Structure formats: structure tokens, C-alpha cells
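Coordinates from protein17.txt are shown below (compact mmCIF, C-alpha atoms).
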```
# COMPACT_ATOMS: atom_id res chain seq x y z
CA MET A 1 -10.00 7.13 -17.99
CA GLY A 2 -9.29 4.04 -15.91
CA LEU A 3 -12.75 2.63 -16.62
CA LYS A 4 -13.44 -1.08 -16.75
CA THR A 5 -13.62 -2.36 -20.35
CA ASP A 6 -16.81 -4.43 -20.36
CA GLY A 7 -18.68 -3.28 -23.51
CA THR A 8 -21.60 -1.84 -21.55
CA ILE A 9 -22.77 1.72 -20.80
CA GLN A 10 -22.55 2.00 -17.02
CA PRO A 11 -23.07 5.06 -14.76
CA ALA A 12 -19.29 5.49 -14.39
CA LEU A 13 -18.97 5.89 -18.18
CA LEU A 14 -21.87 8.34 -18.38
CA ASN A 15 -20.49 10.40 -15.48
CA THR A 16 -17.11 10.57 -17.21
CA LEU A 17 -18.63 11.65 -20.52
CA ASN A 18 -20.56 14.43 -18.75
CA ILE A 19 -17.50 16.11 -17.21
CA SER A 20 -17.13 19.48 -18.94
CA PRO A 21 -14.00 20.62 -20.82
CA LYS A 22 -13.64 23.43 -18.24
CA LYS A 23 -13.47 20.87 -15.40
CA ARG A 24 -10.92 18.79 -17.31
CA ILE A 25 -8.75 21.86 -17.91
CA GLN A 26 -8.91 22.68 -14.20
CA GLN A 27 -8.00 19.06 -13.42
CA ILE A 28 -4.93 19.34 -15.66
CA LEU A 29 -3.89 22.62 -13.99
CA ILE A 30 -4.32 21.11 -10.51
CA ASN A 31 -2.02 18.24 -11.44
CA MET A 32 0.52 20.57 -13.08
CA GLU A 33 0.65 22.30 -9.70
CA ARG A 34 1.31 18.95 -8.02
CA ILE A 35 4.14 18.20 -10.42
CA ARG A 36 5.87 21.33 -9.09
CA TRP A 37 6.14 19.54 -5.75
CA MET A 38 8.11 16.70 -7.32
CA PRO A 39 11.91 16.77 -7.86
CA ALA A 40 12.87 18.76 -10.98
CA GLU A 41 15.03 15.84 -12.10
CA SER A 42 13.91 12.32 -11.24
CA PRO A 43 16.52 9.70 -10.29
CA ALA A 44 17.48 7.00 -12.79
CA GLU A 45 15.55 4.36 -10.85
CA TYR A 46 12.62 4.79 -8.51
CA LEU A 47 9.19 3.53 -7.52
CA LEU A 48 6.07 5.63 -8.00
CA VAL A 49 2.67 4.78 -6.56
CA ASN A 50 -0.12 6.86 -8.08
CA ILE A 51 -2.99 6.60 -5.62
CA PRO A 52 -5.92 7.58 -7.93
CA ALA A 53 -4.63 5.22 -10.66
CA PHE A 54 -4.19 2.36 -8.15
CA LYS A 55 -0.85 1.56 -9.82
CA LEU A 56 2.79 1.00 -8.92
CA TYR A 57 5.21 2.18 -11.63
CA VAL A 58 8.81 0.91 -11.54
CA TYR A 59 11.39 3.05 -13.35
CA ASP A 60 14.89 1.97 -14.38
CA ASN A 61 17.41 3.92 -16.47
CA ASN A 62 14.93 6.82 -16.57
CA LYS A 63 12.29 4.67 -18.31
CA LEU A 64 9.21 2.80 -17.16
CA ASP A 65 10.36 -0.79 -16.65
CA TRP A 66 7.05 -2.33 -15.53
CA SER A 67 3.89 -1.58 -13.57
CA CYS A 68 1.25 -3.45 -11.60
CA ASN A 69 -2.02 -2.94 -9.77
CA VAL A 70 -2.08 -1.89 -6.13
CA VAL A 71 -4.69 -1.52 -3.41
CA VAL A 72 -4.54 1.74 -1.43
CA GLY A 73 -6.21 3.12 1.69
CA LYS A 74 -9.96 3.46 1.82
CA PRO A 75 -11.39 6.99 2.33
CA GLY A 76 -10.91 7.84 5.99
CA ALA A 77 -7.77 5.68 6.10
CA ASN A 78 -6.06 7.54 3.27
CA THR A 79 -2.68 6.48 1.96
CA VAL A 80 -0.40 9.43 2.70
CA ILE A 81 1.35 11.43 -0.04
CA PHE A 82 5.11 11.61 0.63
CA SER A 83 8.50 10.35 -0.53
CA ASN A 84 11.26 8.32 1.08
CA GLU A 85 13.85 5.64 0.30
CA MET A 86 13.29 1.88 0.14
CA LYS A 87 15.75 0.26 2.54
CA TYR A 88 14.54 -3.25 3.41
CA VAL A 89 12.82 -6.29 1.99
CA VAL A 90 11.25 -8.47 4.69
CA PHE A 91 10.42 -12.06 3.75
CA SER A 92 7.80 -14.09 5.68
CA PRO A 93 6.95 -11.09 7.85
CA TYR A 94 5.15 -10.83 11.14
CA TRP A 95 2.20 -8.48 11.18
CA ASN A 96 1.96 -6.37 14.33
CA VAL A 97 -1.72 -5.55 14.83
CA PRO A 98 -2.14 -1.73 14.72
CA PRO A 99 -3.82 0.04 17.68
CA GLY A 100 -7.08 0.76 15.81
CA ILE A 101 -7.56 -2.86 14.72
CA LEU A 102 -6.53 -4.05 18.19
CA VAL A 103 -9.21 -1.92 19.88
CA ASN A 104 -12.03 -2.40 17.36
CA GLU A 105 -11.52 -5.99 16.23
CA VAL A 106 -9.02 -8.16 18.11
CA LEU A 107 -9.78 -7.34 21.76
CA PRO A 108 -13.58 -7.65 21.31
CA ALA A 109 -13.04 -10.95 19.47
CA MET A 110 -10.88 -12.30 22.31
CA ARG A 111 -13.52 -11.34 24.86
CA ARG A 112 -16.10 -13.29 22.85
CA ASN A 113 -13.93 -16.28 21.99
CA PRO A 114 -10.59 -17.11 23.68
CA GLY A 115 -9.62 -19.26 20.68
CA TYR A 116 -9.65 -16.31 18.27
CA LEU A 117 -5.88 -15.71 18.30
CA ALA A 118 -5.03 -19.33 17.60
CA ARG A 119 -7.46 -19.44 14.65
CA GLN A 120 -5.89 -16.31 13.18
CA ASN A 121 -2.34 -17.67 13.69
CA MET A 122 -1.65 -14.81 16.12
CA GLU A 123 0.37 -14.62 19.31
CA VAL A 124 0.93 -12.25 22.22
CA VAL A 125 4.48 -11.02 22.84
CA THR A 126 6.26 -8.43 24.97
CA GLY A 127 7.93 -5.39 23.46
CA SER A 128 11.15 -7.41 23.20
CA GLY A 129 9.38 -10.29 21.41
CA SER A 130 9.14 -12.73 24.32
CA PRO A 131 5.99 -14.90 24.14
CA VAL A 132 3.09 -14.36 26.55
CA ASN A 133 0.51 -17.03 27.39
CA ALA A 134 -2.74 -15.59 25.99
CA GLY A 135 -4.76 -17.93 28.20
CA SER A 136 -3.32 -16.35 31.33
CA LEU A 137 -4.57 -12.85 30.51
CA ASN A 138 -7.80 -11.29 31.78
CA TRP A 139 -9.02 -9.95 28.43
CA ALA A 140 -12.06 -8.26 29.99
CA LYS A 141 -9.91 -5.60 31.64
CA TYR A 142 -8.20 -4.41 28.44
CA SER A 143 -9.71 -1.65 26.31
CA GLY A 144 -6.74 -0.94 24.05
CA GLY A 145 -4.78 1.91 25.55
CA ASN A 146 -4.00 -0.16 28.64
CA PHE A 147 -2.94 -3.29 26.75
CA PRO A 148 0.74 -3.77 27.70
CA TYR A 149 1.70 -6.29 25.01
CA ILE A 150 1.91 -6.67 21.23
CA ILE A 151 -0.37 -8.97 19.26
CA ARG A 152 1.22 -10.15 16.06
CA GLN A 153 0.30 -12.55 13.30
CA LYS A 154 2.89 -15.21 12.53
CA PRO A 155 4.33 -15.77 9.04
CA GLY A 156 2.17 -17.99 6.85
CA GLY A 157 -0.69 -18.16 4.39
CA LYS A 158 -3.14 -16.20 6.58
CA ASN A 159 -0.74 -13.34 7.30
CA ALA A 160 -2.31 -9.98 6.43
CA LEU A 161 0.97 -8.84 4.85
CA GLY A 162 1.26 -11.93 2.70
CA LYS A 163 4.72 -13.36 2.08
CA VAL A 164 6.83 -10.21 1.82
CA LYS A 165 6.82 -6.53 2.76
CA PHE A 166 8.92 -3.63 1.52
CA LEU A 167 10.01 -0.99 4.02
CA PHE A 168 10.89 2.66 3.52
CA PRO A 169 10.74 3.72 7.20
CA ASN A 170 8.51 6.75 7.73
CA GLU A 171 6.50 8.51 10.39
CA TYR A 172 3.22 7.35 8.84
CA ASN A 173 4.05 3.63 9.11
CA ILE A 174 3.16 3.20 5.42
CA TYR A 175 4.81 0.44 3.38
CA LEU A 176 4.28 -1.86 0.40
CA HIS A 177 3.34 -5.48 0.98
CA ASP A 178 1.88 -8.69 -0.40
CA THR A 179 -1.64 -9.80 0.61
CA PRO A 180 -3.67 -13.02 0.75
CA SER A 181 -6.68 -11.09 -0.64
CA LYS A 182 -5.70 -11.38 -4.30
CA GLY A 183 -9.22 -10.92 -5.67
CA LEU A 184 -9.30 -7.21 -4.81
CA PHE A 185 -6.69 -6.46 -7.50
CA GLY A 186 -9.35 -7.20 -10.10
CA GLU A 187 -11.62 -4.46 -8.80
CA ASN A 188 -11.69 -1.19 -10.73
CA LYS A 189 -11.62 1.13 -7.70
CA ARG A 190 -9.05 -0.37 -5.34
CA THR A 191 -9.47 1.54 -2.05
CA PHE A 192 -9.65 -1.24 0.54
CA SER A 193 -6.60 -1.06 2.85
CA HIS A 194 -6.03 0.64 6.20
CA GLY A 195 -3.47 2.95 4.55
CA CYS A 196 -0.62 0.68 3.45
CA ILE A 197 -0.18 -0.32 -0.19
CA ARG A 198 -0.85 -3.89 -1.30
CA VAL A 199 1.11 -4.97 -4.38
CA SER A 200 -0.28 -7.44 -6.94
CA GLU A 201 3.19 -8.63 -8.05
CA PRO A 202 5.24 -8.85 -4.83
CA GLN A 203 7.67 -11.51 -6.06
CA HIS A 204 8.41 -9.44 -9.18
CA LEU A 205 9.09 -6.41 -6.98
CA ALA A 206 11.37 -8.40 -4.65
CA GLU A 207 13.31 -9.76 -7.63
CA TRP A 208 13.65 -6.26 -9.10
CA LEU A 209 14.88 -4.71 -5.85
CA LEU A 210 17.42 -7.52 -5.34
CA ARG A 211 18.42 -7.89 -8.99
CA LYS A 212 21.87 -6.41 -8.39
CA ASP A 213 22.61 -8.84 -5.54
CA SER A 214 23.83 -12.10 -7.08
CA ALA A 215 23.19 -13.93 -3.79
CA TRP A 216 19.43 -13.56 -4.30
CA THR A 217 18.34 -15.89 -7.05
CA GLN A 218 14.68 -16.33 -7.98
CA GLN A 219 14.59 -19.70 -6.19
CA LYS A 220 16.09 -18.23 -3.03
CA ILE A 221 13.51 -15.45 -3.06
CA VAL A 222 10.65 -17.95 -3.47
CA THR A 223 12.05 -20.03 -0.60
CA ALA A 224 12.36 -16.98 1.66
CA MET A 225 8.82 -15.86 0.84
CA ASN A 226 7.49 -19.24 1.93
CA GLY A 227 9.60 -19.56 5.07
CA SER A 228 8.41 -19.90 8.65
CA LYS A 229 10.74 -17.25 10.06
CA GLU A 230 10.87 -13.54 9.35
CA LYS A 231 13.96 -12.50 7.38
CA PHE A 232 15.14 -8.87 6.97
CA ILE A 233 17.28 -7.97 3.94
CA SER A 234 18.99 -4.58 3.68
CA LEU A 235 19.18 -3.28 0.12
CA LYS A 236 22.70 -2.54 -1.05
CA GLU A 237 21.38 0.56 -2.83
CA LYS A 238 18.42 2.50 -1.48
CA VAL A 239 15.65 3.14 -4.00
CA PRO A 240 13.59 6.37 -3.95
CA VAL A 241 9.86 5.85 -3.43
CA TYR A 242 7.25 8.45 -4.32
CA ILE A 243 3.66 8.14 -3.14
CA GLY A 244 1.83 10.55 -5.43
CA TYR A 245 -1.68 11.72 -6.18
CA PHE A 246 -2.18 12.46 -9.88
CA THR A 247 -5.69 12.50 -11.28
CA ALA A 248 -4.40 13.76 -14.66
CA PHE A 249 -1.18 12.46 -16.16
CA VAL A 250 0.47 11.44 -19.42
CA ASP A 251 1.40 7.75 -19.54
CA SER A 252 4.49 6.13 -21.06
CA ASN A 253 2.72 5.94 -24.44
CA GLY A 254 2.05 9.69 -24.50
CA ARG A 255 -1.68 9.37 -23.78
CA LEU A 256 -3.47 11.82 -21.51
CA ASN A 257 -5.17 9.98 -18.62
CA PHE A 258 -7.76 11.11 -16.08
CA ARG A 259 -8.76 9.43 -12.82
CA ASP A 260 -11.34 10.05 -10.09
CA ASP A 261 -10.51 12.28 -7.12
CA VAL A 262 -10.81 9.38 -4.65
CA TYR A 263 -9.77 11.36 -1.53
CA GLY A 264 -11.17 14.79 -2.47
CA HIS A 265 -7.71 16.36 -2.73
CA ASP A 266 -8.48 17.91 -6.13
CA ALA A 267 -11.54 19.67 -4.74
CA ARG A 268 -9.53 21.26 -1.90
CA LEU A 269 -6.73 22.36 -4.21
CA ALA A 270 -9.26 23.74 -6.72
CA ALA A 271 -10.72 25.94 -3.98
CA THR A 272 -7.23 27.40 -3.42
CA LEU A 273 -6.27 27.80 -7.08
CA PHE A 274 -9.60 28.83 -8.59
CA GLY A 275 -11.72 29.91 -5.62
CA SER A 276 -14.14 27.09 -6.46
CA LYS A 277 -15.53 24.13 -4.54
```

In C-alpha cells, write the structure found in this file.
Amino acid sequence: MGLKTDGTIQPALLNTLNISPKKRIQQILINMERIRWMPAESPAEYLLVNIPAFKLYVYDNNKLDWSCNVVVGKPGANTVIFSNEMKYVVFSPYWNVPPGILVNEVLPAMRRNPGYLARQNMEVVTGSGSPVNAGSLNWAKYSGGNFPYIIRQKPGGKNALGKVKFLFPNEYNIYLHDTPSKGLFGENKRTFSHGCIRVSEPQHLAEWLLRKDSAWTQQKIVTAMNGSKEKFISLKEKVPVYIGYFTAFVDSNGRLNFRDDVYGHDARLAATLFGSK
């Protein structure tokens, strides 16, 4: 059930026990419908993120190779359900501040304290990456839509993307990445991001994706992750990535699992399938 094993009877356990067999059967049927949207035959190797399980599953030779915890988008900043192909590993990445965070957090902070960017290891650059002197800008006149530059966070320990990101270019600007906020992986319900997917074992994932490239030893990967300059690596073989939403599934040990409907997708699909709310 994805519940925390703590030896106590908490509300989450009681709520789970009180879900009726009819609701569970409907939940299974809803997820059987979702499986119809997946490829009839899965590739030999691929990555699957199951949003309600807060897990990344890595498959090789048609078998589960390993898995790890992930953090997904909070309700209202949902991680999108789609599929694509992993193409790049980016070591020591820059983080370009998204428009929403720019408007709601960064610009107000700069108006209050001109030293904010320096404290956050951020810089202002043009669209081509040329540096701009933040002290020369009149921050009071910018509201977001009229800001003509890019604010980005430099590689390093404070970087919001951590030490590595994994790109499968898509229209939603969703990707996998490391994070400095390691403590959140210990939470039971891991909906904390702005939509991207934070990975608890980023070095393991980098090593797995580059395992067929003899030039990328473990030591070289560690060095690149702790570098001061961003480094793009193109994968020799693209790897399919599926971002899925399964609240009922059978795991690699043959056990039926259920998870909470964190984004309300089950409820909407139930209304279509069963005429219920």
C-alpha cells in the first residue's frame, strides 16, 4: 500500500483499511485502462517513473534492474504523464530560473535585497549566455514578463538541480535531476517539486546510462558531477522514458500494490468509465 512501516495505527492506515472491495476493483479497472495506453511490447531497456508510487524503475533485458525513490510535482504543479527518449546527461548543470519562480520569488527578493543573487550563487546573462552586471539593473521596473535576461544558478552545492540532470527534451520542460534537498526522499508522500522529477540515486542513474561507454568510468563521473563547468554528454543509445500514473500495479515480486490518487486522475477517469465521482 506504500504506507510507512512504523508499527503504529495512523489515520493513513485506517483510511486504507476502510476502502471497500468495490472501490479497489474500480481502481484496478482504471489502471487496466491506463495500461492500454502503454506500448503493447515494452523495449528491452527503459526508465519508468510511477508518479503515485514516487519511484523510478530501471529496466534492462526486459527485467527490473533497480529502483529508487523520486520526488514529483506537488498538486497544482503536476508532473506530466508522457513518454520520450533520454538523450543527454548534463553534469554540473546550470539552473535557469523558470518564469513562475522568477516572478514570485527572485524578482521580489532582488527588490528587497540586491545581494540576493550573490548569496544564491546566481547570475544574470543574456540569451546567448553573456554576463550582465546585476548591480547595473533597475530591478524596480521589472515585473517578470518584461525582464529581458535570464537568471541562472551556477554549478555547485546550492544548485537546485544538484550535480547532474538527465534530459529527454519535451514540450513540458520536464526532466530528471539530482537535488541538494536529500531529506525529502525519506518522506512517505513525495510531492514537493515544481513538476520535474528529483532522483534519490543520481550517480547510480548516470553510471547506468553511461555503462556502455568505456570512456565514462565511475571516477570520471564523480569528477564531472563535482565540476565547476556544465558538461553535456550525448548518449550513444537513446533510452525510452515513460512517466506513468499507476495507482494499482503488480510489482516485480508478483504482489498487487495500491497507491493514493495524488492528482485526482483516478476520480476523473472513474467518472468516464463508471459514471461515478

Selection: 7 Å around stretch 199-216 of chain A, all atoms listed in the file, excl. self and same-chain fewer than 6 positions, as a VMD selection string: chain A and resid 68 to 71 164 176 to 178 185

For A:Val89: contacts at 9 Å, all atoms listed in the file, fewer than 2 positions along chain excluded, given as a PyMOL selection string: chain A and resi 86-87+91+164-167+206+209-210+231-235

Straight-line distance linking atom CA of A:Tyr142 with atom CA of A:Gln120, stated in Å to one decimal: 19.5 Å

Minimum-distance residue to A:Ala53, chosen among A:Leu184, A:Ile151, A:Val72, A:Leu13 (using only C-alpha atoms): A:Val72

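Note that atom CA of A:His194 and atom CA of A:Arg119 are 21.8 Å apart.
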
Neighbours of A:Ala77 within 12 Å (all atoms listed in the file; same-chain residues fewer than 6 positions away dropped), as a short mmCIF file (atom, residue, chain, number, x, y, z; two decimals) with C-alpha atoms, in the coordinates of the input?
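As a result, around22.cif now contains:
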```cif
data_model
loop_
_atom_site.label_atom_id
_atom_site.label_comp_id
_atom_site.auth_asym_id
_atom_site.auth_seq_id
_atom_site.Cartn_x
_atom_site.Cartn_y
_atom_site.Cartn_z
CA GLY A 100 -7.08 0.76 15.81
CA TYR A 172 3.22 7.35 8.84
CA ILE A 174 3.16 3.20 5.42
CA THR A 191 -9.47 1.54 -2.05
CA PHE A 192 -9.65 -1.24 0.54
CA SER A 193 -6.60 -1.06 2.85
CA HIS A 194 -6.03 0.64 6.20
CA GLY A 195 -3.47 2.95 4.55
CA CYS A 196 -0.62 0.68 3.45
CA ILE A 197 -0.18 -0.32 -0.19
CA VAL A 262 -10.81 9.38 -4.65
CA TYR A 263 -9.77 11.36 -1.53
#
```

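Relative to atom CA of A:Ala160, atom CA of A:Leu47 is found at 22.6 Å.
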
Mind working out the centre and edge lengths of an axis-aligned box for stretch 57-74 of chain A, all listed atoms inside, 8 Å added to each side, rounded to one decimal in Å and written as AutoDock Vina command-line options?
```
--center_x 3.7 --center_y 1.7 --center_z -8.2 --size_x 43.4 --size_y 26.3 --size_z 36.1
```
